[in-house]
Amino acid sequence: MNRKLVLLALASLVLLVAVSACEGEPPPLVLTPAPTVAASSGTQAPKSTAPAVATPRGTPLPPATATPAPKAALTCPPATPVPASAQLAARVNGVGIPLDVFNRQAAQAQAALTQNGGLDPKSQAGQDAIKSLRQQVLDQMINDVVIGMQADREGIKVTDDDLNARLAQMIQDAGSVDKLNEYLTKNQLTLADLCTQVRNQLLGEAMLNRITAAIPASADQVHAAHILVPTAAEADQIRTQLLNGADFATLAKKYSKDEASAANGGDLGWFPKGVKDPNFEAVAFQLKVGEISQVVTTQFGYHIIKVLGHEVRPLPPEVIQNQRQQAFLAWLQAVRETMKIDRLVQ
């Protein structure tokens with residue numbers, strides 16, 4: 001399975017639901033026209049300032065808050081099984097993904113790409129992009145089914161109460177049922193479509209939390225500085241100066257080709273294992289505090305490393321986010337490989 005496609009398909013679910021907020025509103029995917037929903041009586045709840053959460057299918061939902069949800073002004077309709085006679089876009093262990101649902105989502109994704117990405121669907125590049133986009137949409141829908149199946153096997157359920165509580169919270173954050181209805185109409189969603197997305201989101205959140213529960217919040221880290229140069233000979237000369245008492249930060253500012261760190265005297269800050277070049281890390285984590293390394297060769301050039309600190313520290317949020325994402329993607333790929341997946345459309 002193409003790892004990049006899985007990353008794109010799960011970007012909203014893994015990155016936004018798990019750890020961070022969406023940094024921009026992705027184009028909505030067309031499903032079916034939304035019905036008009038009658039508003040309930042009562043005062044409007046204030047809109048939340050919390051960041052928007054994105055659904056697994058890429059459509060941004062009204063923002064969620066931590067405030068208690070009110071009693072639901074409307075409820076999600078029961079999920080309906082795929083009819084036996086329905087044409088399918090794919091099957092996952094015999095479970096069908098309806099062709100009409102896939103076509104609607106693919107068409108909306110193409111329209112958004114054409115409108116926002118300057119795509120010319122008549123060009124060869126445009127045709128290639130559309131083909132890739134359709135594959136990504138189908139991969140995303142397959143992922144939803146895979147996650148749902150595995151959640152069911154592990155006894156993870158989304159109850160009607162769970163679903164309607166999230167829906168009620170969305171109504172509160174939107175301001176009213178009318179406001180939520182406007183959102184549905186704008187994005188050409190039915191209430192059933194929205195509830196399906198929310199159900200997938202809740203299952204994804206639960207599976208993500210289960211898969212990544214063992215990821216630690218702290219780790220062994222080093223605080224290092226380096227000087228990066230393009231040749232071994234230059235690195236040897238600089239190292240000799242350092243051993244003779246030259247100031248590391250001064251030489252880094254003068255010679256290092258890593259512009260981002262050179263301005264700070266070569267300071268790279270604190271980092272755990274798994275974020276730098278393996279050769280660089282192997283040396284940095286073995287040095288004593290204050291020690292100057294031998295010349296270290298990486299794909300970037302030749303480094304002299306100085307360790308400024310070494311201790312167990314809390315991991316930065318972006319590192320935890322990346323670790324959670326990678327763990328979830330690895331799990332998803334492994335689960336997909338145990339299932340029979342039939343793609344029935346191109």
# chains A, B, ... in the order shown; residues from 1 in each chain; ligands from 1
$ select_by_dssp --residues "range 120-346 of chain A" --states "strand (DSSP E)" --output "number ranges by chain"
A: 218-229, 267-272, 296-298, 301-314, 341-343
$ write_last_selection --atoms "N, CA and C atoms" --output "compact mmCIF listing (two decimals), in the first residue's frame"
# COMPACT_ATOMS: atom_id res chain seq x y z
N SER A 218 7.64 11.44 27.65
CA SER A 218 9.00 11.90 27.91
C SER A 218 9.98 10.91 27.30
N ALA A 219 11.21 11.36 27.07
CA ALA A 219 12.22 10.48 26.49
C ALA A 219 13.61 11.03 26.75
N ASP A 220 14.60 10.16 26.62
CA ASP A 220 16.00 10.56 26.72
C ASP A 220 16.32 11.53 25.58
N GLN A 221 16.88 12.68 25.92
CA GLN A 221 17.17 13.70 24.91
C GLN A 221 18.55 14.31 25.13
N VAL A 222 19.11 14.83 24.06
CA VAL A 222 20.36 15.57 24.16
C VAL A 222 20.14 16.99 23.67
N HIS A 223 20.91 17.90 24.24
CA HIS A 223 20.97 19.28 23.79
C HIS A 223 22.32 19.42 23.10
N ALA A 224 22.30 19.61 21.78
CA ALA A 224 23.55 19.60 21.01
C ALA A 224 23.67 20.82 20.12
N ALA A 225 24.93 21.13 19.80
CA ALA A 225 25.25 22.13 18.80
C ALA A 225 26.15 21.46 17.77
N HIS A 226 26.15 22.00 16.55
CA HIS A 226 27.03 21.40 15.54
C HIS A 226 27.54 22.47 14.58
N ILE A 227 28.58 22.10 13.89
CA ILE A 227 29.12 22.90 12.79
C ILE A 227 29.11 22.01 11.56
N LEU A 228 28.45 22.43 10.52
CA LEU A 228 28.31 21.63 9.30
C LEU A 228 29.09 22.29 8.17
N VAL A 229 29.99 21.52 7.54
CA VAL A 229 30.78 22.02 6.41
C VAL A 229 30.77 20.98 5.29
N ASP A 267 23.53 25.92 17.75
CA ASP A 267 22.63 25.28 18.72
C ASP A 267 21.43 24.64 18.04
N LEU A 268 21.25 23.34 18.27
CA LEU A 268 20.12 22.59 17.70
C LEU A 268 19.00 22.38 18.71
N GLY A 269 19.21 22.81 19.95
CA GLY A 269 18.21 22.60 20.98
C GLY A 269 18.18 21.15 21.44
N TRP A 270 17.14 20.82 22.18
CA TRP A 270 16.95 19.45 22.68
C TRP A 270 16.24 18.60 21.63
N PHE A 271 16.63 17.33 21.53
CA PHE A 271 15.93 16.42 20.62
C PHE A 271 16.09 14.98 21.10
N PRO A 272 15.06 14.15 20.87
CA PRO A 272 15.13 12.72 21.21
C PRO A 272 15.69 11.94 20.03
N VAL A 296 31.80 13.77 11.90
CA VAL A 296 30.69 12.85 11.64
C VAL A 296 30.17 13.09 10.22
N THR A 297 30.07 12.03 9.44
CA THR A 297 29.60 12.15 8.06
C THR A 297 28.13 11.75 7.97
N THR A 298 27.33 12.62 7.34
CA THR A 298 25.92 12.31 7.06
C THR A 298 25.63 12.72 5.61
N GLY A 301 26.59 16.41 4.91
CA GLY A 301 27.98 16.88 4.88
C GLY A 301 28.75 16.36 6.07
N TYR A 302 29.65 17.22 6.59
CA TYR A 302 30.56 16.81 7.66
C TYR A 302 30.30 17.68 8.89
N HIS A 303 30.08 17.02 10.02
CA HIS A 303 29.68 17.71 11.24
C HIS A 303 30.74 17.57 12.33
N ILE A 304 30.84 18.63 13.13
CA ILE A 304 31.48 18.52 14.44
C ILE A 304 30.37 18.82 15.45
N ILE A 305 30.21 17.91 16.43
CA ILE A 305 29.11 17.99 17.37
C ILE A 305 29.64 18.28 18.78
N LYS A 306 28.92 19.12 19.49
CA LYS A 306 29.20 19.34 20.90
C LYS A 306 27.90 19.16 21.67
N VAL A 307 27.93 18.31 22.70
CA VAL A 307 26.74 18.08 23.52
C VAL A 307 26.74 19.05 24.69
N LEU A 308 25.62 19.76 24.82
CA LEU A 308 25.47 20.77 25.86
C LEU A 308 24.65 20.27 27.04
N GLY A 309 23.91 19.18 26.85
CA GLY A 309 23.10 18.62 27.93
C GLY A 309 22.58 17.26 27.52
N HIS A 310 22.22 16.44 28.51
CA HIS A 310 21.70 15.09 28.24
C HIS A 310 20.85 14.66 29.42
N GLU A 311 19.54 14.51 29.20
CA GLU A 311 18.63 14.14 30.28
C GLU A 311 17.29 13.67 29.71
N VAL A 312 16.49 13.06 30.57
CA VAL A 312 15.12 12.69 30.19
C VAL A 312 14.25 13.94 30.34
N ARG A 313 13.54 14.26 29.26
CA ARG A 313 12.73 15.48 29.23
C ARG A 313 11.38 15.20 28.55
N PRO A 314 10.36 16.03 28.82
CA PRO A 314 9.09 15.90 28.09
C PRO A 314 9.32 16.10 26.59
N ILE A 341 -8.99 -6.91 0.02
CA ILE A 341 -9.51 -5.65 -0.49
C ILE A 341 -9.60 -5.73 -2.00
N ASP A 342 -10.81 -5.61 -2.50
CA ASP A 342 -11.07 -5.63 -3.94
C ASP A 342 -11.46 -4.24 -4.42
N ARG A 343 -10.66 -3.68 -5.29
CA ARG A 343 -11.00 -2.39 -5.90
C ARG A 343 -11.72 -2.67 -7.21
$ atom_distance --atom1 "CA of Asp152 in chain A" --atom2 "CA of Met207 in chain A"
10.3 Å
$ select_by_dssp --residues "range 88-197 of chain A" --states "helix (DSSP H, G or I)" --output "PyMOL selection string"
chain A and resi 99-117+124-153+160-174+177-186+191-197
$ atom_distance --atom1 "CA of Val158 in chain A" --atom2 "CA of Asp100 in chain A"
25.1 Å
$ closest_residue --among "A:Ala109, A:Gln197, A:Leu184, A:Ile292" --to "Gln241 in chain A" --atoms "only C-alpha atoms"
A:Ile292
$ atom_distance --atom1 "CA of Met149 in chain A" --atom2 "CA of Arg91 in chain A"
12.5 Å
$ residues_around --residues "range 125-140 of chain A" --least-positions-apart "3" --cutoff "7 Å" --atoms "only C-alpha atoms" --output "compact mmCIF listing (two decimals) with N, CA and C atoms, in the first residue's frame"
# COMPACT_ATOMS: atom_id res chain seq x y z
N LEU A 5 -0.27 7.83 0.16
CA LEU A 5 -1.72 7.92 -0.02
C LEU A 5 -2.42 7.73 1.31
N ALA A 9 -4.89 10.33 3.12
CA ALA A 9 -6.24 9.91 3.46
C ALA A 9 -6.55 10.09 4.94
N PHE A 102 -19.03 6.70 -3.56
CA PHE A 102 -17.67 6.98 -4.04
C PHE A 102 -17.69 8.02 -5.15
N ALA A 106 -15.75 11.52 -5.11
CA ALA A 106 -14.70 11.74 -6.09
C ALA A 106 -15.00 12.96 -6.96
N GLN A 110 -12.74 16.30 -7.18
CA GLN A 110 -12.25 16.80 -8.47
C GLN A 110 -12.67 18.24 -8.68
N LEU A 119 -6.50 23.10 -11.68
CA LEU A 119 -6.36 21.89 -12.50
C LEU A 119 -7.08 22.04 -13.84
N ASP A 120 -6.42 21.67 -14.92
CA ASP A 120 -7.04 21.59 -16.24
C ASP A 120 -7.37 20.14 -16.52
N PRO A 121 -8.64 19.74 -16.36
CA PRO A 121 -8.99 18.32 -16.51
C PRO A 121 -8.79 17.78 -17.92
N LYS A 122 -8.59 18.67 -18.90
CA LYS A 122 -8.40 18.22 -20.27
C LYS A 122 -6.94 17.91 -20.59
N ASN A 143 -10.08 2.84 4.18
CA ASN A 143 -9.54 3.00 5.53
C ASN A 143 -10.66 3.10 6.56
N ASP A 144 -11.72 3.83 6.23
CA ASP A 144 -12.85 3.95 7.14
C ASP A 144 -13.43 2.57 7.48
